$ cat coords09.csv   # CSV, C-alpha atoms
chain,number,residue,atom,x,y,z
A,95,MET,CA,178.2,136.0,64.3
A,96,LYS,CA,176.0,132.9,64.6
A,97,LEU,CA,176.0,130.7,61.6
A,98,LYS,CA,172.8,128.9,60.8
A,99,ARG,CA,173.2,125.5,59.2
A,100,ARG,CA,170.7,124.9,56.5
A,101,ASN,CA,168.7,121.7,56.9
A,102,PRO,CA,169.4,119.4,54.0
A,103,PRO,CA,166.2,118.6,52.0
A,104,ALA,CA,164.5,115.4,53.1
A,105,PRO,CA,165.2,112.6,50.6
A,106,GLN,CA,162.1,111.9,48.5
A,107,GLU,CA,160.5,108.6,49.2
A,108,THR,CA,159.9,106.7,46.0
A,109,ILE,CA,156.4,105.1,46.0
A,110,VAL,CA,157.0,103.4,42.6
A,111,SER,CA,158.0,100.1,44.3
A,112,LEU,CA,154.9,100.3,46.5
A,113,ILE,CA,152.7,100.8,43.4
A,114,ASP,CA,154.4,97.8,41.8
A,115,VAL,CA,153.6,95.6,44.7
A,116,ILE,CA,150.0,96.7,45.0
A,117,PHE,CA,149.6,96.3,41.3
A,118,PHE,CA,150.9,92.7,41.4
A,119,LEU,CA,148.6,91.9,44.3
A,120,LEU,CA,145.7,93.4,42.5
A,121,VAL,CA,146.4,91.4,39.3
A,122,PHE,CA,147.0,88.3,41.3
A,123,PHE,CA,143.6,88.4,43.0
A,124,MET,CA,141.8,89.2,39.8
A,125,MET,CA,143.5,86.3,38.0
A,126,VAL,CA,143.0,83.6,40.7
A,127,GLY,CA,139.5,84.6,41.6
A,128,ARG,CA,136.6,83.4,39.7
A,129,MET,CA,133.7,85.8,39.9
A,130,ASP,CA,130.6,83.7,40.7
A,131,ALA,CA,127.2,84.6,41.9
A,132,THR,CA,126.8,83.5,45.4
A,133,ALA,CA,123.6,81.9,46.6
A,134,PRO,CA,121.3,84.0,48.9
A,135,PHE,CA,121.7,81.3,51.6
A,136,GLU,CA,124.4,79.3,53.2
A,137,VAL,CA,125.8,76.5,51.1
A,138,SER,CA,128.8,74.4,52.2
A,139,PRO,CA,129.4,71.7,49.6
A,140,PRO,CA,130.0,68.0,50.6
A,141,VAL,CA,133.6,67.0,51.3
A,142,SER,CA,135.2,64.5,49.0
A,143,THR,CA,138.7,63.9,47.7
A,144,ALA,CA,137.5,61.8,44.8
A,145,GLY,CA,136.3,64.8,42.8
A,146,GLU,CA,137.5,65.8,39.4
A,147,SER,CA,138.5,69.4,38.6
A,148,LEU,CA,135.6,71.7,38.0
A,149,PRO,CA,135.4,73.2,34.6
A,150,LYS,CA,134.6,76.9,34.2
A,151,GLY,CA,131.4,78.3,32.8
A,152,GLY,CA,127.9,76.8,32.9
A,153,THR,CA,125.1,77.7,35.1
A,154,THR,CA,124.9,77.0,38.8
A,155,ILE,CA,121.9,75.7,40.8
A,156,SER,CA,122.3,76.1,44.6
A,157,VAL,CA,120.4,73.9,47.0
A,158,ALA,CA,120.2,74.9,50.6
A,159,GLU,CA,120.0,72.6,53.6
A,160,ASP,CA,116.2,73.2,53.9
A,161,GLY,CA,115.7,72.5,50.1
A,162,GLN,CA,115.5,76.2,48.9
A,163,MET,CA,117.0,76.6,45.5
A,164,ALA,CA,118.7,79.4,43.6
A,165,LEU,CA,119.7,79.7,39.9
A,166,ASP,CA,122.9,81.7,39.4
A,167,GLY,CA,122.5,83.4,42.8
A,168,VAL,CA,118.8,84.3,42.5
A,169,ALA,CA,116.3,82.3,44.7
A,170,VAL,CA,113.7,80.5,42.6
A,171,ALA,CA,111.0,77.9,43.1
A,172,GLN,CA,111.7,74.5,41.5
A,173,ASN,CA,109.1,74.9,38.8
A,174,ASP,CA,110.4,78.3,37.7
A,175,LEU,CA,113.9,76.8,37.9
A,176,LEU,CA,113.1,74.1,35.4
A,177,THR,CA,111.3,76.6,33.1
A,178,ARG,CA,114.4,78.8,33.1
A,179,ILE,CA,116.7,75.8,32.5
A,180,SER,CA,114.6,74.9,29.5
A,181,SER,CA,114.9,78.4,28.1
A,182,LEU,CA,118.6,78.3,28.6
A,183,LEU,CA,118.8,74.9,27.0
A,184,SER,CA,117.0,76.2,23.9
A,185,GLU,CA,119.7,78.8,23.5
A,186,ASP,CA,122.6,76.3,24.2
A,187,GLN,CA,122.0,72.6,23.6
A,188,SER,CA,125.2,71.7,25.4
A,189,LEU,CA,124.3,73.5,28.7
A,190,PHE,CA,126.6,72.6,31.6
A,191,VAL,CA,124.8,72.6,34.9
A,192,ARG,CA,126.6,72.6,38.3
A,193,ILE,CA,124.6,71.7,41.4
A,194,ASN,CA,126.1,73.3,44.4
A,195,ALA,CA,124.2,71.5,47.2
A,196,HIS,CA,124.7,71.9,50.9
A,197,GLY,CA,126.3,68.8,52.4
A,198,GLU,CA,123.4,68.4,54.8
A,199,ALA,CA,120.7,68.8,52.2
A,200,ARG,CA,118.4,65.8,51.9
A,201,LEU,CA,118.6,63.7,48.8
A,202,THR,CA,114.9,64.1,48.3
A,203,ASN,CA,115.7,67.7,47.3
A,204,LEU,CA,118.6,66.7,45.1
A,205,LEU,CA,118.0,63.5,43.2
A,206,PRO,CA,114.5,64.4,41.8
A,207,LEU,CA,116.1,67.7,40.6
A,208,VAL,CA,118.8,65.8,38.7
A,209,THR,CA,116.2,63.5,37.2
A,210,ALA,CA,114.1,66.5,36.2
A,211,LEU,CA,117.1,68.1,34.6
A,212,GLU,CA,117.9,65.0,32.7
A,213,LYS,CA,114.3,64.8,31.5
A,214,ALA,CA,114.5,68.4,30.4
A,215,GLY,CA,117.4,67.5,28.1
A,216,VAL,CA,120.4,68.6,30.1
A,217,GLN,CA,123.3,66.2,29.2
A,218,ASP,CA,126.0,67.5,31.5
A,219,VAL,CA,125.1,67.8,35.2
A,220,VAL,CA,127.8,67.8,38.0
A,221,LEU,CA,127.6,67.9,41.7
A,222,VAL,CA,130.1,70.4,43.3
A,223,VAL,CA,132.3,68.9,46.1
A,224,THR,CA,135.2,70.3,48.0
A,225,PRO,CA,138.4,68.5,48.9
A,226,ASN,CA,138.8,70.8,51.9
A,227,PRO,CA,136.1,71.4,54.5
A,228,VAL,CA,135.2,75.1,54.7
B,278,MET,CA,166.7,146.4,29.4
B,279,LYS,CA,165.5,143.0,28.4
B,280,LEU,CA,163.3,141.2,30.8
B,281,THR,CA,163.5,137.4,30.8
B,282,ARG,CA,160.5,135.5,32.1
B,283,ARG,CA,161.5,132.8,34.4
B,284,LYS,CA,160.6,129.4,33.2
B,285,ARG,CA,157.9,127.8,35.2
B,286,ASN,CA,158.5,124.4,36.8
B,287,MET,CA,156.7,121.6,35.1
B,288,ALA,CA,153.7,120.5,37.2
B,289,LEU,CA,154.5,117.2,38.9
B,290,ILE,CA,152.0,114.3,38.4
B,291,THR,CA,151.2,113.1,41.8
B,292,MET,CA,151.0,109.3,42.2
B,293,THR,CA,149.2,109.4,45.4
B,294,PRO,CA,145.6,109.3,44.1
B,295,LEU,CA,146.5,106.4,41.8
B,296,VAL,CA,147.9,104.4,44.7
B,297,ASP,CA,144.8,105.2,46.7
B,298,VAL,CA,142.5,103.9,44.0
B,299,MET,CA,144.5,100.7,43.5
B,300,MET,CA,144.6,100.2,47.3
B,301,ILE,CA,140.8,100.5,47.4
B,302,LEU,CA,140.4,98.0,44.5
B,303,LEU,CA,142.8,95.6,46.2
B,304,VAL,CA,141.0,95.7,49.5
B,305,PHE,CA,137.7,95.4,47.7
B,306,PHE,CA,138.7,92.2,46.0
B,307,MET,CA,140.3,90.8,49.1
B,308,VAL,CA,137.2,91.5,51.2
B,309,THR,CA,134.5,90.5,48.8
B,310,SER,CA,136.1,87.3,47.6
B,311,THR,CA,135.5,83.9,49.2
B,312,TYR,CA,138.2,81.4,48.3
B,313,LEU,CA,136.8,77.9,47.8
B,314,ASP,CA,138.6,74.9,46.4
B,315,LEU,CA,135.9,73.2,44.4
B,316,ASP,CA,135.8,69.9,42.5
B,317,MET,CA,133.0,68.1,40.9
B,318,MET,CA,131.3,64.7,40.6
B,319,PRO,CA,129.4,63.9,37.4
B,320,MET,CA,125.7,63.2,38.0
B,321,VAL,CA,124.4,63.0,34.4
B,322,GLN,CA,126.6,62.3,31.5
B,323,SER,CA,125.9,62.2,27.8
B,324,GLU,CA,125.5,58.7,26.4
B,325,ALA,CA,128.8,58.9,24.5
B,326,GLU,CA,130.7,59.4,27.8
B,327,SER,CA,128.9,56.9,29.9
B,328,THR,CA,130.8,53.7,30.6
B,329,GLY,CA,129.6,50.2,30.5
B,330,ALA,CA,128.9,48.2,27.4
B,331,PRO,CA,125.2,47.9,26.7
B,332,GLY,CA,123.8,44.4,26.1
B,333,THR,CA,126.3,42.6,28.3
B,334,PRO,CA,124.6,41.8,31.5
B,335,ALA,CA,127.1,42.2,34.3
B,336,ALA,CA,126.8,41.2,37.9
B,337,THR,CA,125.4,43.9,40.1
B,338,LEU,CA,126.4,45.0,43.6
B,339,LEU,CA,124.0,47.1,45.5
B,340,ILE,CA,125.1,49.7,48.0
B,341,ARG,CA,122.3,51.0,50.2
B,342,ILE,CA,122.5,54.4,51.9
B,343,THR,CA,120.4,54.5,55.0
B,344,SER,CA,118.5,57.5,56.1
B,345,ASP,CA,121.2,58.4,58.6
B,346,GLY,CA,123.7,58.6,55.7
B,347,ASN,CA,125.6,55.4,56.3
B,348,ALA,CA,126.4,53.1,53.4
B,349,ARG,CA,125.9,49.4,53.6
B,350,LEU,CA,127.0,46.6,51.3
B,351,ARG,CA,125.5,43.1,51.8
B,352,GLY,CA,124.3,44.1,55.3
B,353,GLN,CA,127.8,45.2,56.3
B,354,PRO,CA,129.0,48.8,56.7
B,355,LEU,CA,130.6,49.8,53.3
B,356,THR,CA,134.4,50.1,53.3
B,357,ALA,CA,136.7,50.3,50.3
B,358,ALA,CA,138.3,47.0,51.4
B,359,ASN,CA,135.0,44.9,51.4
B,360,LEU,CA,133.8,46.5,48.2
B,361,ALA,CA,137.2,45.8,46.5
B,362,THR,CA,137.0,42.1,47.7
B,363,ALA,CA,133.5,41.9,46.3
B,364,LEU,CA,134.6,43.4,43.0
B,365,GLN,CA,137.6,41.1,42.7
B,366,ASP,CA,135.4,38.1,42.0
B,367,GLU,CA,133.9,39.5,38.9
B,368,PRO,CA,135.6,42.5,37.3
B,369,GLY,CA,133.3,44.9,35.5
B,370,THR,CA,130.6,44.4,38.0
B,371,ARG,CA,128.0,47.1,38.0
B,372,VAL,CA,127.8,49.0,41.3
B,373,LEU,CA,124.4,50.5,42.0
B,374,ILE,CA,124.0,53.0,44.8
B,375,LEU,CA,120.5,53.0,46.2
B,376,PRO,CA,120.1,56.0,48.5
B,377,SER,CA,117.4,56.6,51.0
B,378,GLY,CA,115.6,59.9,50.3
B,379,GLY,CA,116.2,60.9,53.9
B,380,SER,CA,120.0,60.6,53.6
B,381,ASN,CA,122.0,63.8,53.1
B,382,VAL,CA,124.2,64.7,50.1
B,383,GLN,CA,127.3,64.1,52.2
B,384,GLY,CA,126.3,60.5,52.7
B,385,LEU,CA,125.9,59.9,48.9
B,386,VAL,CA,129.2,61.7,48.1
B,387,SER,CA,131.1,59.6,50.7
B,388,ALA,CA,129.6,56.4,49.3
B,389,ILE,CA,130.7,57.4,45.8
B,390,GLN,CA,134.1,58.2,47.1
B,391,THR,CA,134.5,54.8,48.8
B,392,ALA,CA,133.3,53.0,45.6
B,393,THR,CA,135.8,55.0,43.5
B,394,GLU,CA,138.6,54.2,45.9
B,395,ALA,CA,137.6,50.5,45.7
B,396,GLY,CA,138.0,50.6,42.0
B,397,ALA,CA,134.4,50.5,40.9
B,398,GLU,CA,134.2,51.6,37.2
B,399,ASN,CA,130.6,51.0,36.4
B,400,LEU,CA,129.0,53.1,39.1
B,401,ARG,CA,125.4,54.2,39.0
B,402,VAL,CA,123.2,56.1,41.4
B,403,VAL,CA,119.5,55.0,41.5
B,404,ARG,CA,117.6,58.2,41.4
B,405,LEU,CA,114.2,59.0,42.7
B,406,GLU,CA,111.6,60.3,40.4
B,407,ALA,CA,110.4,63.8,40.7
B,408,PRO,CA,107.0,63.9,42.3
B,409,GLU,CA,104.3,64.7,39.8

$ encode --input "coords09.csv" --output "structure tokens"
Amino acid sequence: MKLKRRNPPAPQETIVSLIDVIFFLLVFFMMVGRMDATAPFEVSPPVSTAGESLPKGGTTISVAEDGQMALDGVAVAQNDLLTRISSLLSEDQSLFVRINAHGEARLTNLLPLVTALEKAGVQDVVLVVTPNPV
Amino acid sequence: MKLTRRKRNMALITMTPLVDVMMILLVFFMVTSTYLDLDMMPMVQSEAESTGAPGTPAATLLIRITSDGNARLRGQPLTAANLATALQDEPGTRVLILPSGGSNVQGLVSAIQTATEAGAENLRVVRLEAPE
């Protein structure tokens, strides 16, 4: 008589540790990342190691190499931009404005904007720089 | 004869769909995020924060930024060393940066960095007026 050996049941793989790792990674990326509206054009900020740490919050104005502008990720003309900033300013007097200008953008596109913002009553305007070239 | 109903096995909760969803979320965040290390330079500060005592006329040094983005101090290319030497004579000297409109943002930022490295405390950028 031929005896048939029964196959032992395959050991169950535990996926609990895998879930743990994935969960940690997920939480890590959600914590370290700051969700920010990106400009509809290419912006690589100027490089400088003399910058101070960038506070969170506020509103972002992006300036492209050719002078195009965007407010919080939406392209706008400069006149509309100032109107919107004024309305934001009426809601919040201590509005914080970040200017994310392309390193190769001309100062004729940047400095008049800063002056106009200051005239509009914005008291806190900063220029975004990066310590590491992108 | 008494019939006993066999107890059914409890339905197992499968973890696989949960893992799938988390994996998709993870990949989504990894793909859609761009990681930038960003700092800032103040351009406009409220009066309370701005440095420099009003009413005390201080000596002024002028740094020009040419349209090609190079900074010059007293006709010489700007370096942290020559600005530091100029600042040594009179501490508290106001440093004005006069950029050419044709210069790029990087040129201005580099000049501010050099001036900061040289120890300039009272630093101002001469701004162009918005065209009417």

$ residues_near_point --input "coords09.csv" --point "(125.5, 48.5, 51.5)" --cutoff "9 Å" --atoms "only C-alpha atoms" --output "JSON, numbers by chain"
{"B": [338, 339, 340, 341, 342, 343, 347, 348, 349, 350, 351, 352, 353, 354, 355, 374, 375]}

$ interface_residues --input "coords09.csv" --of "chain B" --to "chain A" --cutoff "10 Å" --atoms "all atoms listed in the file" --output "mmCIF file with C-alpha atoms, in the frame of the given file"
data_model
loop_
_atom_site.group_PDB
_atom_site.id
_atom_site.type_symbol
_atom_site.label_atom_id
_atom_site.label_comp_id
_atom_site.auth_asym_id
_atom_site.auth_seq_id
_atom_site.Cartn_x
_atom_site.Cartn_y
_atom_site.Cartn_z
ATOM 1 C CA MET B 292 151.000 109.300 42.200
ATOM 2 C CA THR B 293 149.200 109.400 45.400
ATOM 3 C CA LEU B 295 146.500 106.400 41.800
ATOM 4 C CA VAL B 296 147.900 104.400 44.700
ATOM 5 C CA ASP B 297 144.800 105.200 46.700
ATOM 6 C CA MET B 299 144.500 100.700 43.500
ATOM 7 C CA MET B 300 144.600 100.200 47.300
ATOM 8 C CA ILE B 301 140.800 100.500 47.400
ATOM 9 C CA LEU B 302 140.400 98.000 44.500
ATOM 10 C CA LEU B 303 142.800 95.600 46.200
ATOM 11 C CA VAL B 304 141.000 95.700 49.500
ATOM 12 C CA PHE B 305 137.700 95.400 47.700
ATOM 13 C CA PHE B 306 138.700 92.200 46.000
ATOM 14 C CA MET B 307 140.300 90.800 49.100
ATOM 15 C CA SER B 310 136.100 87.300 47.600
ATOM 16 C CA THR B 311 135.500 83.900 49.200
ATOM 17 C CA TYR B 312 138.200 81.400 48.300
ATOM 18 C CA LEU B 313 136.800 77.900 47.800
ATOM 19 C CA ASP B 314 138.600 74.900 46.400
ATOM 20 C CA LEU B 315 135.900 73.200 44.400
ATOM 21 C CA ASP B 316 135.800 69.900 42.500
ATOM 22 C CA MET B 317 133.000 68.100 40.900
ATOM 23 C CA MET B 318 131.300 64.700 40.600
ATOM 24 C CA PRO B 319 129.400 63.900 37.400
ATOM 25 C CA MET B 320 125.700 63.200 38.000
ATOM 26 C CA VAL B 321 124.400 63.000 34.400
ATOM 27 C CA GLN B 322 126.600 62.300 31.500
ATOM 28 C CA SER B 323 125.900 62.200 27.800
ATOM 29 C CA GLU B 324 125.500 58.700 26.400
ATOM 30 C CA SER B 344 118.500 57.500 56.100
ATOM 31 C CA GLY B 346 123.700 58.600 55.700
ATOM 32 C CA PRO B 376 120.100 56.000 48.500
ATOM 33 C CA SER B 377 117.400 56.600 51.000
ATOM 34 C CA GLY B 378 115.600 59.900 50.300
ATOM 35 C CA GLY B 379 116.200 60.900 53.900
ATOM 36 C CA SER B 380 120.000 60.600 53.600
ATOM 37 C CA ASN B 381 122.000 63.800 53.100
ATOM 38 C CA VAL B 382 124.200 64.700 50.100
ATOM 39 C CA GLN B 383 127.300 64.100 52.200
ATOM 40 C CA GLY B 384 126.300 60.500 52.700
ATOM 41 C CA LEU B 385 125.900 59.900 48.900
ATOM 42 C CA VAL B 386 129.200 61.700 48.100
ATOM 43 C CA SER B 387 131.100 59.600 50.700
ATOM 44 C CA ALA B 388 129.600 56.400 49.300
ATOM 45 C CA ILE B 389 130.700 57.400 45.800
ATOM 46 C CA GLN B 390 134.100 58.200 47.100
ATOM 47 C CA THR B 391 134.500 54.800 48.800
ATOM 48 C CA ALA B 392 133.300 53.000 45.600
ATOM 49 C CA THR B 393 135.800 55.000 43.500
ATOM 50 C CA GLU B 394 138.600 54.200 45.900
ATOM 51 C CA VAL B 402 123.200 56.100 41.400
ATOM 52 C CA VAL B 403 119.500 55.000 41.500
ATOM 53 C CA ARG B 404 117.600 58.200 41.400
ATOM 54 C CA LEU B 405 114.200 59.000 42.700
ATOM 55 C CA GLU B 406 111.600 60.300 40.400
ATOM 56 C CA ALA B 407 110.400 63.800 40.700
ATOM 57 C CA PRO B 408 107.000 63.900 42.300
#

$ atom_distance --input "coords09.csv" --atom1 "CA of Ala397 (chain B)" --atom2 "CA of Leu373 (chain B)"
10.1 Å

$ atom_distance --input "coords09.csv" --atom1 "CA of Val157 (chain A)" --atom2 "CA of Lys213 (chain A)"
19.0 Å

$ residues_around --input "coords09.csv" --residues "Glu367 (chain B)" --least-positions-apart "4" --cutoff "10 Å" --atoms "all atoms listed in the file" --output "list in words"
Ala335, Ala336, Thr337, Thr362, Ala363 and Arg371 of chain B

$ atom_distance --input "coords09.csv" --atom1 "CA of Gly152 (chain A)" --atom2 "CA of Met125 (chain A)"
19.0 Å

$ closest_residue --input "coords09.csv" --among "A:Thr154, A:Leu182, A:Ala133, A:Pro103" --to "Gly167 (chain A)" --atoms "all atoms listed in the file"
A:Ala133

$ closest_residue --input "coords09.csv" --among "A:Pro102, A:Asp186, A:Phe135, A:Ser180" --to "Ala164 (chain A)" --atoms "only C-alpha atoms"
A:Phe135

$ closest_residue --input "coords09.csv" --among "B:Leu400, B:Val298, B:Ala357, B:Ala395" --to "Thr370 (chain B)" --atoms "all atoms listed in the file"
B:Leu400

$ build_atoms --input "coords09.csv" --residues "region 156-183 of chain A" --atoms "N, CA and C atoms" --output "PDB file, in the coordinates of the input"
ATOM      1  N   SER A 156     121.980  76.269  43.160  1.00  0.00           N
ATOM      2  CA  SER A 156     122.300  76.100  44.600  1.00  0.00           C
ATOM      3  C   SER A 156     121.179  75.456  45.311  1.00  0.00           C
ATOM      4  N   VAL A 157     121.481  74.519  46.190  1.00  0.00           N
ATOM      5  CA  VAL A 157     120.400  73.900  47.000  1.00  0.00           C
ATOM      6  C   VAL A 157     120.817  74.059  48.468  1.00  0.00           C
ATOM      7  N   ALA A 158     119.929  74.678  49.217  1.00  0.00           N
ATOM      8  CA  ALA A 158     120.200  74.900  50.600  1.00  0.00           C
ATOM      9  C   ALA A 158     119.865  73.709  51.469  1.00  0.00           C
ATOM     10  N   GLU A 159     120.253  73.765  52.720  1.00  0.00           N
ATOM     11  CA  GLU A 159     120.000  72.600  53.600  1.00  0.00           C
ATOM     12  C   GLU A 159     118.523  72.329  53.749  1.00  0.00           C
ATOM     13  N   ASP A 160     117.683  73.374  53.711  1.00  0.00           N
ATOM     14  CA  ASP A 160     116.200  73.200  53.900  1.00  0.00           C
ATOM     15  C   ASP A 160     115.529  72.957  52.510  1.00  0.00           C
ATOM     16  N   GLY A 161     116.291  72.845  51.428  1.00  0.00           N
ATOM     17  CA  GLY A 161     115.700  72.500  50.100  1.00  0.00           C
ATOM     18  C   GLY A 161     115.416  73.759  49.261  1.00  0.00           C
ATOM     19  N   GLN A 162     115.682  74.964  49.766  1.00  0.00           N
ATOM     20  CA  GLN A 162     115.500  76.200  48.900  1.00  0.00           C
ATOM     21  C   GLN A 162     116.480  76.068  47.744  1.00  0.00           C
ATOM     22  N   MET A 163     116.089  76.658  46.633  1.00  0.00           N
ATOM     23  CA  MET A 163     117.000  76.600  45.500  1.00  0.00           C
ATOM     24  C   MET A 163     117.213  77.975  44.887  1.00  0.00           C
ATOM     25  N   ALA A 164     118.347  78.088  44.210  1.00  0.00           N
ATOM     26  CA  ALA A 164     118.700  79.400  43.600  1.00  0.00           C
ATOM     27  C   ALA A 164     119.380  79.045  42.250  1.00  0.00           C
ATOM     28  N   LEU A 165     119.089  79.871  41.256  1.00  0.00           N
ATOM     29  CA  LEU A 165     119.700  79.700  39.900  1.00  0.00           C
ATOM     30  C   LEU A 165     120.636  80.916  39.739  1.00  0.00           C
ATOM     31  N   ASP A 166     121.916  80.671  39.607  1.00  0.00           N
ATOM     32  CA  ASP A 166     122.900  81.700  39.400  1.00  0.00           C
ATOM     33  C   ASP A 166     122.777  82.842  40.466  1.00  0.00           C
ATOM     34  N   GLY A 167     122.563  82.457  41.712  1.00  0.00           N
ATOM     35  CA  GLY A 167     122.500  83.400  42.800  1.00  0.00           C
ATOM     36  C   GLY A 167     121.187  84.040  43.090  1.00  0.00           C
ATOM     37  N   VAL A 168     120.162  83.713  42.297  1.00  0.00           N
ATOM     38  CA  VAL A 168     118.800  84.300  42.500  1.00  0.00           C
ATOM     39  C   VAL A 168     117.897  83.156  42.979  1.00  0.00           C
ATOM     40  N   ALA A 169     117.241  83.360  44.122  1.00  0.00           N
ATOM     41  CA  ALA A 169     116.300  82.300  44.700  1.00  0.00           C
ATOM     42  C   ALA A 169     115.165  82.107  43.726  1.00  0.00           C
ATOM     43  N   VAL A 170     114.877  80.843  43.426  1.00  0.00           N
ATOM     44  CA  VAL A 170     113.700  80.500  42.600  1.00  0.00           C
ATOM     45  C   VAL A 170     113.037  79.263  43.103  1.00  0.00           C
ATOM     46  N   ALA A 171     111.770  79.120  42.749  1.00  0.00           N
ATOM     47  CA  ALA A 171     111.000  77.900  43.100  1.00  0.00           C
ATOM     48  C   ALA A 171     111.437  76.840  42.032  1.00  0.00           C
ATOM     49  N   GLN A 172     111.248  75.561  42.399  1.00  0.00           N
ATOM     50  CA  GLN A 172     111.700  74.500  41.500  1.00  0.00           C
ATOM     51  C   GLN A 172     111.065  74.514  40.140  1.00  0.00           C
ATOM     52  N   ASN A 173     109.758  74.845  40.089  1.00  0.00           N
ATOM     53  CA  ASN A 173     109.100  74.900  38.800  1.00  0.00           C
ATOM     54  C   ASN A 173     109.622  75.963  37.894  1.00  0.00           C
ATOM     55  N   ASP A 174     109.849  77.151  38.491  1.00  0.00           N
ATOM     56  CA  ASP A 174     110.400  78.300  37.700  1.00  0.00           C
ATOM     57  C   ASP A 174     111.837  77.901  37.271  1.00  0.00           C
ATOM     58  N   LEU A 175     112.529  77.193  38.154  1.00  0.00           N
ATOM     59  CA  LEU A 175     113.900  76.800  37.900  1.00  0.00           C
ATOM     60  C   LEU A 175     113.974  75.956  36.601  1.00  0.00           C
ATOM     61  N   LEU A 176     113.061  74.977  36.513  1.00  0.00           N
ATOM     62  CA  LEU A 176     113.100  74.100  35.400  1.00  0.00           C
ATOM     63  C   LEU A 176     112.655  74.838  34.084  1.00  0.00           C
ATOM     64  N   THR A 177     111.732  75.811  34.227  1.00  0.00           N
ATOM     65  CA  THR A 177     111.300  76.600  33.100  1.00  0.00           C
ATOM     66  C   THR A 177     112.535  77.417  32.563  1.00  0.00           C
ATOM     67  N   ARG A 178     113.275  77.996  33.519  1.00  0.00           N
ATOM     68  CA  ARG A 178     114.400  78.800  33.100  1.00  0.00           C
ATOM     69  C   ARG A 178     115.515  77.941  32.484  1.00  0.00           C
ATOM     70  N   ILE A 179     115.702  76.750  33.062  1.00  0.00           N
ATOM     71  CA  ILE A 179     116.700  75.800  32.500  1.00  0.00           C
ATOM     72  C   ILE A 179     116.319  75.461  31.070  1.00  0.00           C
ATOM     73  N   SER A 180     115.023  75.228  30.854  1.00  0.00           N
ATOM     74  CA  SER A 180     114.600  74.900  29.500  1.00  0.00           C
ATOM     75  C   SER A 180     114.843  76.001  28.526  1.00  0.00           C
ATOM     76  N   SER A 181     114.612  77.239  28.973  1.00  0.00           N
ATOM     77  CA  SER A 181     114.900  78.400  28.100  1.00  0.00           C
ATOM     78  C   SER A 181     116.364  78.522  27.805  1.00  0.00           C
ATOM     79  N   LEU A 182     117.176  78.263  28.839  1.00  0.00           N
ATOM     80  CA  LEU A 182     118.600  78.300  28.600  1.00  0.00           C
ATOM     81  C   LEU A 182     119.084  77.233  27.691  1.00  0.00           C
ATOM     82  N   LEU A 183     118.408  76.090  27.819  1.00  0.00           N
ATOM     83  CA  LEU A 183     118.800  74.900  27.000  1.00  0.00           C
ATOM     84  C   LEU A 183     118.405  75.149  25.535  1.00  0.00           C
TER      85      LEU A 183
END
